[in-house]
file coords.txt (compact mmCIF, C-alpha atoms)
# COMPACT_ATOMS: atom_id res chain seq x y z
CA MET I 1 0.00 0.00 0.00
CA VAL I 2 1.30 3.41 -0.96
CA ASP I 3 1.84 5.63 2.02
CA PHE I 4 -0.37 8.77 1.57
CA LYS I 5 1.84 11.01 3.69
CA GLN I 6 4.96 9.85 1.83
CA GLN I 7 3.38 10.77 -1.53
CA LEU I 8 2.44 14.22 -0.25
CA GLU I 9 5.97 14.79 1.07
CA ALA I 10 7.48 13.55 -2.22
CA LEU I 11 5.28 15.88 -4.28
CA GLN I 12 5.97 18.80 -1.94
CA ASN I 13 9.74 18.11 -2.10
CA ALA I 14 9.57 17.96 -5.89
CA LEU I 15 7.75 21.27 -6.04
CA THR I 16 10.21 22.82 -3.56
CA ASP I 17 13.11 21.55 -5.68
CA ASN I 18 11.58 23.18 -8.75
CA ILE I 19 11.35 26.53 -6.98
CA GLY I 20 14.78 26.30 -5.41
CA THR I 21 16.62 25.32 -8.60
CA GLY I 22 14.80 27.82 -10.79
CA LYS I 23 13.63 25.16 -13.27
CA ASP I 24 11.04 26.02 -15.87
CA SER I 25 7.57 25.57 -14.45
CA THR I 26 6.59 23.54 -17.46
CA GLN I 27 9.11 20.76 -16.63
CA GLU I 28 7.79 17.48 -15.26
CA ILE I 29 7.68 17.19 -11.48
CA PRO I 30 10.21 14.52 -10.50
CA ASN I 31 8.88 11.42 -8.73
CA ASN I 32 11.01 10.24 -5.78
CA THR I 33 8.76 7.25 -5.08
CA THR I 34 8.57 3.90 -6.87
CA THR I 35 5.25 4.91 -8.47
CA SER I 36 4.62 7.10 -11.52
CA THR I 37 3.84 10.84 -11.28
CA ILE I 38 0.33 11.43 -9.92
CA THR I 39 -1.84 14.44 -10.58
CA LYS I 40 -3.46 16.48 -7.81
CA ASN I 41 -6.94 14.96 -8.31
CA GLU I 42 -5.59 11.41 -8.57
CA LEU I 43 -3.57 11.99 -5.42
CA ILE I 44 -6.57 13.05 -3.37
CA GLU I 45 -8.74 10.28 -4.84
CA LYS I 46 -6.15 7.59 -4.15
CA SER I 47 -5.57 8.78 -0.60
CA SER I 48 -9.29 8.50 0.15
CA GLU I 49 -9.40 4.97 -1.18
CA GLU I 50 -6.37 3.96 0.87
CA ILE I 51 -7.85 5.37 4.05
CA GLU I 52 -11.09 3.46 3.50
CA LYS I 53 -9.12 0.20 3.07
CA GLU I 54 -7.26 0.68 6.36
CA PRO I 55 -8.47 -1.34 9.36
CA ILE I 56 -10.66 0.65 11.69
CA GLU I 57 -8.13 0.43 14.51
CA ASN I 58 -5.51 1.98 12.29
CA ARG I 59 -7.86 4.77 11.20
CA LYS I 60 -8.07 6.06 14.71
CA GLU I 61 -4.50 7.21 14.40
CA LEU I 62 -5.31 9.41 11.40
CA PRO I 63 -6.80 12.38 13.23
CA THR I 64 -3.39 13.08 14.74
CA HIS I 65 -2.14 13.83 11.22
CA SER I 66 -5.29 15.31 9.67
CA ASN I 67 -4.41 18.95 10.33
CA THR I 68 -0.94 18.49 8.86
CA ASN I 69 -2.31 16.70 5.80
CA SER I 70 -4.94 19.39 5.22
CA ILE I 71 -2.35 22.15 5.34
CA GLU I 72 -0.03 20.27 3.02
CA ILE I 73 -2.83 19.53 0.54
CA LYS I 74 -3.90 23.16 0.57
CA GLN I 75 -0.32 24.30 -0.02
CA LEU I 76 0.08 21.78 -2.82
CA GLU I 77 -3.20 22.89 -4.38
CA GLU I 78 -2.06 26.51 -4.26
CA ARG I 79 1.34 25.64 -5.71
CA ILE I 80 -0.14 23.48 -8.43
CA THR I 81 -2.59 26.25 -9.27
CA GLU I 82 0.30 28.71 -9.44
CA LEU I 83 2.29 26.36 -11.66
CA GLU I 84 -0.69 25.95 -13.96
CA ARG I 85 -1.10 29.74 -14.12
CA GLN I 86 2.57 30.22 -14.95
CA PHE I 87 2.39 27.48 -17.57
CA ASN I 88 -0.65 29.11 -19.20
CA ILE I 89 1.09 32.49 -19.19
CA GLN I 90 4.14 30.95 -20.78
CA GLN I 91 2.04 29.24 -23.47
CA GLU I 92 0.21 32.49 -24.17
CA THR I 93 3.56 34.27 -24.49
CA ILE I 94 4.82 31.60 -26.91
CA ASP I 95 1.63 31.88 -28.96
CA ILE I 96 1.90 35.68 -29.04
CA ASN I 97 5.55 35.54 -30.06
CA ASN I 98 4.80 33.04 -32.83
CA SER I 99 1.91 35.18 -34.01
CA GLN I 100 4.10 38.29 -34.03
CA LYS I 101 6.80 36.47 -36.00
CA GLU I 102 4.22 35.32 -38.54
CA ILE I 103 2.82 38.84 -38.88
CA SER I 104 6.35 40.21 -39.24
CA LEU I 105 7.11 37.77 -42.06
CA GLU I 106 3.83 38.66 -43.76
CA SER I 107 4.68 42.34 -43.45
CA GLU I 108 8.01 41.73 -45.16
CA ARG I 109 6.33 39.84 -48.00
CA PHE I 110 3.67 42.54 -48.27
CA THR I 111 6.34 45.27 -48.51
CA GLU I 112 8.22 43.29 -51.14
CA MET I 113 5.00 43.01 -53.18
CA LEU I 114 4.52 46.80 -52.97
CA ASN I 115 8.10 47.51 -54.08
CA ILE I 116 7.63 45.29 -57.14
CA TYR I 117 4.30 46.94 -57.93
CA LEU I 118 5.84 50.42 -57.83
CA TYR I 119 7.99 49.84 -60.90
CA SER I 120 6.08 47.11 -62.72
CA ILE I 121 2.40 47.29 -61.57
CA ILE I 122 2.51 43.49 -61.63
CA ILE I 123 1.07 41.42 -58.76
CA ASN I 124 1.94 37.74 -58.34
CA PRO I 125 -1.49 36.00 -58.45
CA LYS I 126 -0.15 33.09 -56.36
CA LEU I 127 0.86 35.34 -53.48
CA GLU I 128 -1.27 34.65 -50.39
CA PHE I 129 -1.67 36.54 -47.09
CA LYS I 130 -3.32 35.30 -43.90
CA THR I 131 -3.71 38.86 -42.63
CA GLU I 132 -7.10 39.91 -43.99
CA LEU I 133 -6.21 43.55 -44.76
CA TYR I 134 -3.07 42.49 -46.63
CA HIS I 135 -5.15 40.00 -48.61
CA GLN I 136 -7.80 42.61 -49.51
CA TYR I 137 -5.19 45.17 -50.57
CA LYS I 138 -3.42 42.61 -52.75
CA GLU I 139 -6.66 41.49 -54.40
CA ASN I 140 -7.68 45.08 -55.18
CA LEU I 141 -4.26 45.98 -56.56
CA THR I 142 -4.48 42.92 -58.81
CA ILE I 143 -7.81 44.08 -60.27
CA ILE I 144 -6.50 47.63 -60.72
CA SER I 145 -3.36 46.34 -62.49
CA GLN I 146 -5.35 44.07 -64.79
CA ASN I 147 -7.49 46.96 -65.98
CA ILE I 148 -4.51 49.29 -66.42
CA LEU I 149 -2.68 46.70 -68.52
CA ALA I 150 -5.82 46.26 -70.63
CA ASN I 151 -6.16 50.07 -71.01
CA SER I 152 -9.65 49.70 -69.48
CA PHE I 153 -9.63 52.99 -67.59
CA LYS I 154 -13.39 53.50 -67.87
CA PHE I 155 -13.68 50.62 -65.39
CA PHE I 156 -12.37 52.94 -62.66
CA GLU I 157 -15.12 55.46 -63.42
CA LYS I 158 -17.81 52.81 -63.01
CA THR I 159 -16.52 51.34 -59.72
CA SER I 160 -15.19 52.60 -56.39
CA ILE I 161 -12.28 50.14 -56.27
CA ILE I 162 -9.57 52.82 -56.13
CA SER I 163 -11.13 54.70 -53.20
CA GLU I 164 -11.78 51.38 -51.41
CA THR I 165 -8.15 50.35 -51.83
CA ILE I 166 -6.95 53.71 -50.49
CA GLN I 167 -9.08 53.20 -47.38
CA ILE I 168 -7.70 49.68 -46.82
CA GLY I 169 -4.19 51.10 -47.11
CA LYS I 170 -4.94 53.66 -44.41
CA GLU I 171 -6.15 50.90 -42.06
CA ILE I 172 -2.96 48.93 -42.71
CA GLN I 173 -0.85 51.99 -41.88
CA GLU I 174 -2.72 52.40 -38.59
CA ARG I 175 -2.66 48.75 -37.48
CA TYR I 176 0.51 47.15 -38.81
CA ILE I 177 4.22 47.88 -39.00
CA VAL I 178 5.18 47.96 -42.67
CA GLN I 179 7.79 49.94 -44.54
CA LYS I 180 6.07 53.30 -44.66
CA ASN I 181 7.88 54.41 -47.80
CA ALA I 182 6.60 51.62 -50.06
CA LEU I 183 2.99 51.76 -48.87
CA THR I 184 2.97 55.58 -48.88
CA GLN I 185 4.17 55.65 -52.49
CA VAL I 186 1.50 53.18 -53.63
CA GLN I 187 -1.15 55.16 -51.74
CA GLU I 188 0.00 58.35 -53.47
CA ILE I 189 -0.28 56.66 -56.88
CA LEU I 190 -3.81 55.51 -56.10
CA GLU I 191 -4.78 59.01 -54.95
CA GLU I 192 -3.38 60.48 -58.18
CA MET I 193 -5.42 57.96 -60.17
CA GLN I 194 -8.50 58.88 -58.18
CA ASN I 195 -7.96 62.60 -58.79
CA SER I 196 -7.42 62.07 -62.53
CA LEU I 197 -10.86 60.46 -62.90
CA SER I 198 -12.59 63.80 -62.31
CA LYS I 199 -10.70 65.49 -65.16
CA PRO I 200 -11.62 65.63 -68.88
CA SER I 201 -10.91 62.40 -70.72
CA TYR I 202 -7.75 63.60 -72.48
CA GLN I 203 -6.26 64.86 -69.19
CA LYS I 204 -7.14 61.65 -67.35
CA ASN I 205 -5.57 59.57 -70.10
CA LEU I 206 -2.50 61.83 -70.14
CA TYR I 207 -1.89 60.81 -66.53
CA PHE I 208 -2.22 57.10 -67.37
CA SER I 209 0.00 57.52 -70.44
CA LYS I 210 2.79 58.93 -68.28
CA PHE I 211 2.21 56.20 -65.71
CA LEU I 212 2.52 53.45 -68.34
CA ASN I 213 5.55 54.95 -70.06
CA GLU I 214 7.44 55.34 -66.78
CA ARG I 215 7.04 51.58 -66.23
CA GLY I 216 8.19 50.63 -69.71
CA LEU I 217 4.80 49.57 -71.07
CA ILE I 218 5.41 51.15 -74.46
CA LEU I 219 2.68 49.49 -76.53
CA ASN I 220 0.05 50.44 -73.96
CA THR I 221 1.41 53.99 -73.86
CA VAL I 222 1.39 54.47 -77.63
CA ALA I 223 -2.23 53.29 -77.82
CA MET I 224 -3.15 55.79 -75.09
CA VAL I 225 -1.28 58.71 -76.68
CA ASN I 226 -2.90 57.98 -80.02
CA GLU I 227 -6.27 58.31 -78.29
CA ILE I 228 -5.58 61.47 -76.29
CA LEU I 229 -4.46 63.34 -79.42
CA GLY I 230 -7.91 62.68 -80.89
CA GLU I 231 -9.74 63.24 -77.60
CA TYR I 232 -8.38 66.76 -77.25
CA ILE I 233 -9.48 67.68 -80.78
CA ILE I 234 -12.96 66.24 -80.17
CA ALA I 235 -13.31 68.03 -76.82
CA SER I 236 -12.31 71.29 -78.53
CA ALA I 237 -14.74 70.75 -81.43
CA GLN I 238 -17.60 70.31 -78.97
CA ASN I 239 -17.04 73.90 -77.84
CA LEU I 240 -17.20 75.36 -81.35
CA SER I 241 -20.99 75.69 -81.37
CA ASP I 242 -24.16 74.09 -80.01
CA HIS I 243 -24.71 72.34 -83.32
CA ALA I 244 -21.19 70.92 -83.37
CA GLU I 245 -21.59 69.70 -79.79
CA GLU I 246 -24.90 68.08 -80.69
CA ARG I 247 -23.53 66.28 -83.74
CA ILE I 248 -20.47 64.98 -81.86
CA GLN I 249 -22.55 63.77 -78.92
CA PHE I 250 -24.93 62.04 -81.31
CA HIS I 251 -22.01 60.20 -82.88
CA ILE I 252 -20.55 59.24 -79.46
CA ASN I 253 -23.93 57.92 -78.28
CA ARG I 254 -24.17 55.81 -81.40
CA ILE I 255 -20.70 54.39 -80.73
CA ASN I 256 -21.60 53.56 -77.11
CA SER I 257 -24.68 51.65 -78.24
CA THR I 258 -22.67 49.27 -80.41
CA GLN I 259 -21.05 46.03 -79.33
CA THR I 260 -17.74 47.11 -80.88
CA SER I 261 -17.49 50.53 -79.25
CA ARG I 262 -13.76 50.26 -78.69
CA ARG I 263 -13.06 49.71 -82.36
CA ALA I 264 -15.55 52.43 -83.31
CA TYR I 265 -13.79 54.89 -80.98
CA TYR I 266 -10.47 53.95 -82.59
CA HIS I 267 -11.85 54.82 -86.04
CA PHE I 268 -13.26 58.08 -84.71
CA TYR I 269 -9.94 59.14 -83.16
CA LYS I 270 -8.11 58.10 -86.33
CA SER I 271 -10.47 60.11 -88.53
CA VAL I 272 -10.15 63.19 -86.30
CA THR I 273 -6.34 63.12 -86.10
CA SER I 274 -6.02 62.39 -89.84
CA PHE I 275 -8.30 65.34 -90.59
CA PHE I 276 -6.22 67.63 -88.39
CA TYR I 277 -2.91 66.40 -89.81
CA THR I 278 -3.86 66.71 -93.47
CA GLN I 279 -5.44 70.12 -92.91
CA PHE I 280 -2.68 71.82 -90.96
CA THR I 281 0.66 70.50 -92.21
CA THR I 282 2.36 71.06 -95.53
CA GLN I 283 4.48 67.91 -95.30
CA THR I 284 1.94 65.39 -96.55
CA ASN I 285 0.64 63.97 -99.78
CA GLU I 286 -2.34 62.37 -98.06
CA THR I 287 -5.83 63.09 -99.29
CA GLU I 288 -7.74 65.42 -97.02
CA THR I 289 -10.10 63.55 -94.70
CA THR I 290 -13.23 64.64 -92.86
CA PHE I 291 -13.70 65.13 -89.12
CA PHE I 292 -16.15 62.24 -88.80
CA PRO I 293 -15.21 58.84 -90.27
CA TYR I 294 -18.05 59.25 -92.81
CA LYS I 295 -19.85 62.05 -94.62
CA ASP I 296 -21.97 63.84 -92.04
CA THR I 297 -23.88 67.10 -91.86
CA GLY I 298 -21.64 68.19 -88.99
CA ASN I 299 -18.39 67.87 -90.91
CA SER I 300 -18.52 71.11 -92.86
CA GLU I 301 -19.22 73.36 -89.87
CA ILE I 302 -16.51 71.80 -87.66
CA GLU I 303 -13.94 71.91 -90.45
CA LEU I 304 -14.77 75.53 -91.26
CA GLN I 305 -14.46 76.60 -87.61
CA PHE I 306 -11.06 74.91 -87.23
CA ARG I 307 -9.74 76.59 -90.39
CA ARG I 308 -10.77 79.98 -89.01
CA MET I 309 -8.90 79.23 -85.78
CA PHE I 310 -5.89 78.17 -87.84
CA GLN I 311 -5.86 81.42 -89.82
CA SER I 312 -6.13 83.43 -86.59
CA ASN I 313 -3.21 81.51 -85.16
CA LYS I 314 -1.10 82.21 -88.27
CA ARG I 315 -1.82 85.92 -88.07
CA LYS I 316 -0.40 85.88 -84.55
CA LYS I 317 2.69 84.25 -86.02
CA ALA I 318 2.18 81.17 -83.91
CA ASN I 319 2.71 77.68 -85.26
CA LEU I 320 0.75 75.71 -82.67
CA PHE I 321 -1.45 73.96 -85.24
CA LYS I 322 1.65 72.79 -87.10
CA LEU I 323 3.31 71.56 -83.89
CA TYR I 324 0.22 69.55 -82.98
CA ALA I 325 0.04 68.06 -86.49
CA GLU I 326 3.69 67.02 -86.18
CA MET I 327 2.92 65.28 -82.87
CA ILE I 328 0.22 63.27 -84.62
CA TYR I 329 2.76 62.24 -87.27
CA ARG I 330 5.45 61.33 -84.72
CA ILE I 331 3.21 59.07 -82.65
CA ARG I 332 1.84 57.46 -85.83
CA ILE I 333 5.35 56.52 -86.96
CA ILE I 334 6.21 55.07 -83.53
CA ARG I 335 3.01 53.04 -83.50
CA ASN I 336 3.57 51.67 -87.01
CA ASP I 337 7.11 50.63 -86.11
CA LEU I 338 5.98 48.83 -82.95
CA VAL I 339 3.10 46.86 -84.44
CA HIS I 340 5.28 45.47 -87.23
CA GLY I 341 8.15 43.05 -86.89
CA ASN I 342 11.86 43.87 -87.21
CA ASN I 343 11.51 47.20 -85.47
CA GLN I 344 14.74 49.15 -85.93
CA ARG I 345 14.15 51.40 -82.92
CA TYR I 346 15.61 50.69 -79.50
CA TYR I 347 13.35 50.45 -76.47
CA HIS I 348 15.22 53.18 -74.60
CA ASN I 349 14.92 55.60 -77.53
CA ILE I 350 11.23 54.88 -78.05
CA SER I 351 10.46 55.60 -74.42
CA TYR I 352 12.21 58.98 -74.69
CA GLU I 353 10.40 59.79 -77.95
CA ILE I 354 7.05 59.07 -76.30
CA GLU I 355 8.02 61.18 -73.30
CA ASP I 356 8.81 64.11 -75.64
CA VAL I 357 5.40 63.77 -77.28
CA LEU I 358 3.69 63.75 -73.87
CA ILE I 359 5.59 66.88 -72.80
CA ASP I 360 4.60 68.67 -76.03
CA PHE I 361 0.99 67.54 -75.65
CA GLU I 362 0.82 68.81 -72.08
CA TYR I 363 2.21 72.17 -73.20
CA LEU I 364 -0.13 72.62 -76.20
CA ALA I 365 -3.32 71.04 -74.91
CA ILE I 366 -3.26 71.85 -71.19
CA GLN I 367 -0.95 74.80 -70.58
CA LYS I 368 -1.78 76.69 -73.80
CA ASN I 369 -5.08 74.94 -74.62
CA PHE I 370 -4.68 76.37 -78.11
CA LEU I 371 -7.90 74.79 -79.44
CA GLY I 372 -10.01 75.99 -76.50
CA ALA I 373 -11.19 72.63 -75.15

call {"tool": "encode", "arguments": {"input": "coords.txt", "output": "structure tokens"}}
result
Amino acid sequence: MVDFKQQLEALQNALTDNIGTGKDSTQEIPNNTTTSTITKNELIEKSSEEIEKEPIENRKELPTHSNTNSIEIKQLEERITELERQFNIQQETIDINNSQKEISLESERFTEMLNIYLYSIIINPKLEFKTELYHQYKENLTIISQNILANSFKFFEKTSIISETIQIGKEIQERYIVQKNALTQVQEILEEMQNSLSKPSYQKNLYFSKFLNERGLILNTVAMVNEILGEYIIASAQNLSDHAEERIQFHINRINSTQTSRRAYYHFYKSVTSFFYTQFTTQTNETETTFFPYKDTGNSEIELQFRRMFQSNKRKKANLFKLYAEMIYRIRIIRNDLVHGNNQRYYHNISYEIEDVLIDFEYLAIQKNFLGA
């Protein structure tokens, strides 16, 4: 029969040894008896069973030790409770530390993603984040990038994805430790995009053209520049008269109602820029074209009004019409070279040529606004 008092003393000695030697409270309590380690509840339960099995005459001796046993049990209960508390605290600390390490690693991966986005606007679709805000920001940036690369900028006018992403970024800045520089720069880009959406179409697309060219997306940029050259002329023509505005809007509405609106817009921009180029440059053998891509009652008035503006500009000894016509020619040559094989131009040179066109466009169309858009 296991002696109850001996077990209590062994457990108490083991606990005392733990405290005295400074061992970790999560270590096993050594067992100095021939039996295995016994928990507090098992200890009390076993002691009761042993006492019941004792002969009655032996039980009479127990009261002499009852006070001592009660004190020891109470002390052991308190110590065991304290050890359990310390163990729980230690486990909570370990869990917190592991969680913090995981968050720190996620923050590093998140920052790396932002740095890549800044110069390429590419998001790795396989990248995953357990932190919900990181995940949401990554998903939104992916959608934004996909539409930029597809030149689908009207998508941003129809949704609130940019403003939503900006708000998520602000929450990340408040709650998590990330490299402020990377996130701040991406946030600034998104805010610039958001601000550009409220501007006229040619100014909005000028911003995106610069954005694309800075990141080396030349084909996308050339397509955008080709559009903004036509957009500025159209916006200016709408201000020539009420009738001109009505005819242009009628044509735009008809384009929007078709299933091939993108292609129809391309033909409209091409017709407009070809009209302007053939009318206001002397360095061409091309046949004069009309403003609209077909014979229309609005053509004659718009063409007449532009010629009057051109003559006024010449009298002031300004050559702004000619400069704009040359821009149309320059971007047309770049585009033709890029869409055909065996391009003889170097990437670096093309990017600089496009940048020059964008600078000239900003000067003529926005700073001077020579056509009065």

call {"tool": "residues_around", "arguments": {"input": "coords.txt", "residues": "range 180-195 of chain I", "least_positions_apart": "3", "cutoff": "10 Å", "atoms": "only C-alpha atoms", "output": "ChimeraX atom specification"}}
result
/I:110-118,121,141,144,153,156-157,160-163,165-170,172-173,177,198-199,204,207-208,211

call {"tool": "closest_residue", "arguments": {"input": "coords.txt", "among": "I:Ser209, I:Ser152, I:Thr142, I:Thr131", "to": "Glu362 in chain I", "atoms": "all atoms listed in the file"}}
result
I:Ser209

call {"tool": "atom_distance", "arguments": {"input": "coords.txt", "atom1": "CA of Lys270 in chain I", "atom2": "CA of Ala318 in chain I"}}
result
25.4 Å

call {"tool": "closest_residue", "arguments": {"input": "coords.txt", "among": "I:Thr159, I:Asn239, I:Asn147, I:Thr278", "to": "Asn220 in chain I", "atoms": "only C-alpha atoms"}}
result
I:Asn147

call {"tool": "atom_distance", "arguments": {"input": "coords.txt", "atom1": "CA of Lys368 in chain I", "atom2": "CA of Ile218 in chain I"}}
result
26.5 Å

call {"tool": "closest_residue", "arguments": {"input": "coords.txt", "among": "I:Leu323, I:Leu133, I:Ile248, I:Ile350", "to": "Leu217 in chain I", "atoms": "only C-alpha atoms"}}
result
I:Ile350

call {"tool": "closest_residue", "arguments": {"input": "coords.txt", "among": "I:Leu240, I:Leu206, I:Val222, I:Ile143", "to": "Asp360 in chain I", "atoms": "only C-alpha atoms"}}
result
I:Leu206

call {"tool": "residues_around", "arguments": {"input": "coords.txt", "residues": "Ile302 in chain I", "least_positions_apart": "2", "cutoff": "8 Å", "atoms": "only C-alpha atoms", "output": "list of chain:residue names"}}
result
I:Ala237, I:Leu240, I:Ala244, I:Phe291, I:Gly298, I:Asn299, I:Ser300, I:Leu304, I:Gln305, I:Phe306

call {"tool": "atom_distance", "arguments": {"input": "coords.txt", "atom1": "CA of Glu139 in chain I", "atom2": "CA of Lys126 in chain I"}}
result
10.8 Å

call {"tool": "residues_near_point", "arguments": {"input": "coords.txt", "point": "(-6.0, 57.7, -76.6)", "cutoff": "12 Å", "atoms": "only C-alpha atoms", "output": "number ranges by chain"}}
result
I: 151-153, 201-209, 219-234, 262, 265-270, 272-273, 328, 331, 358
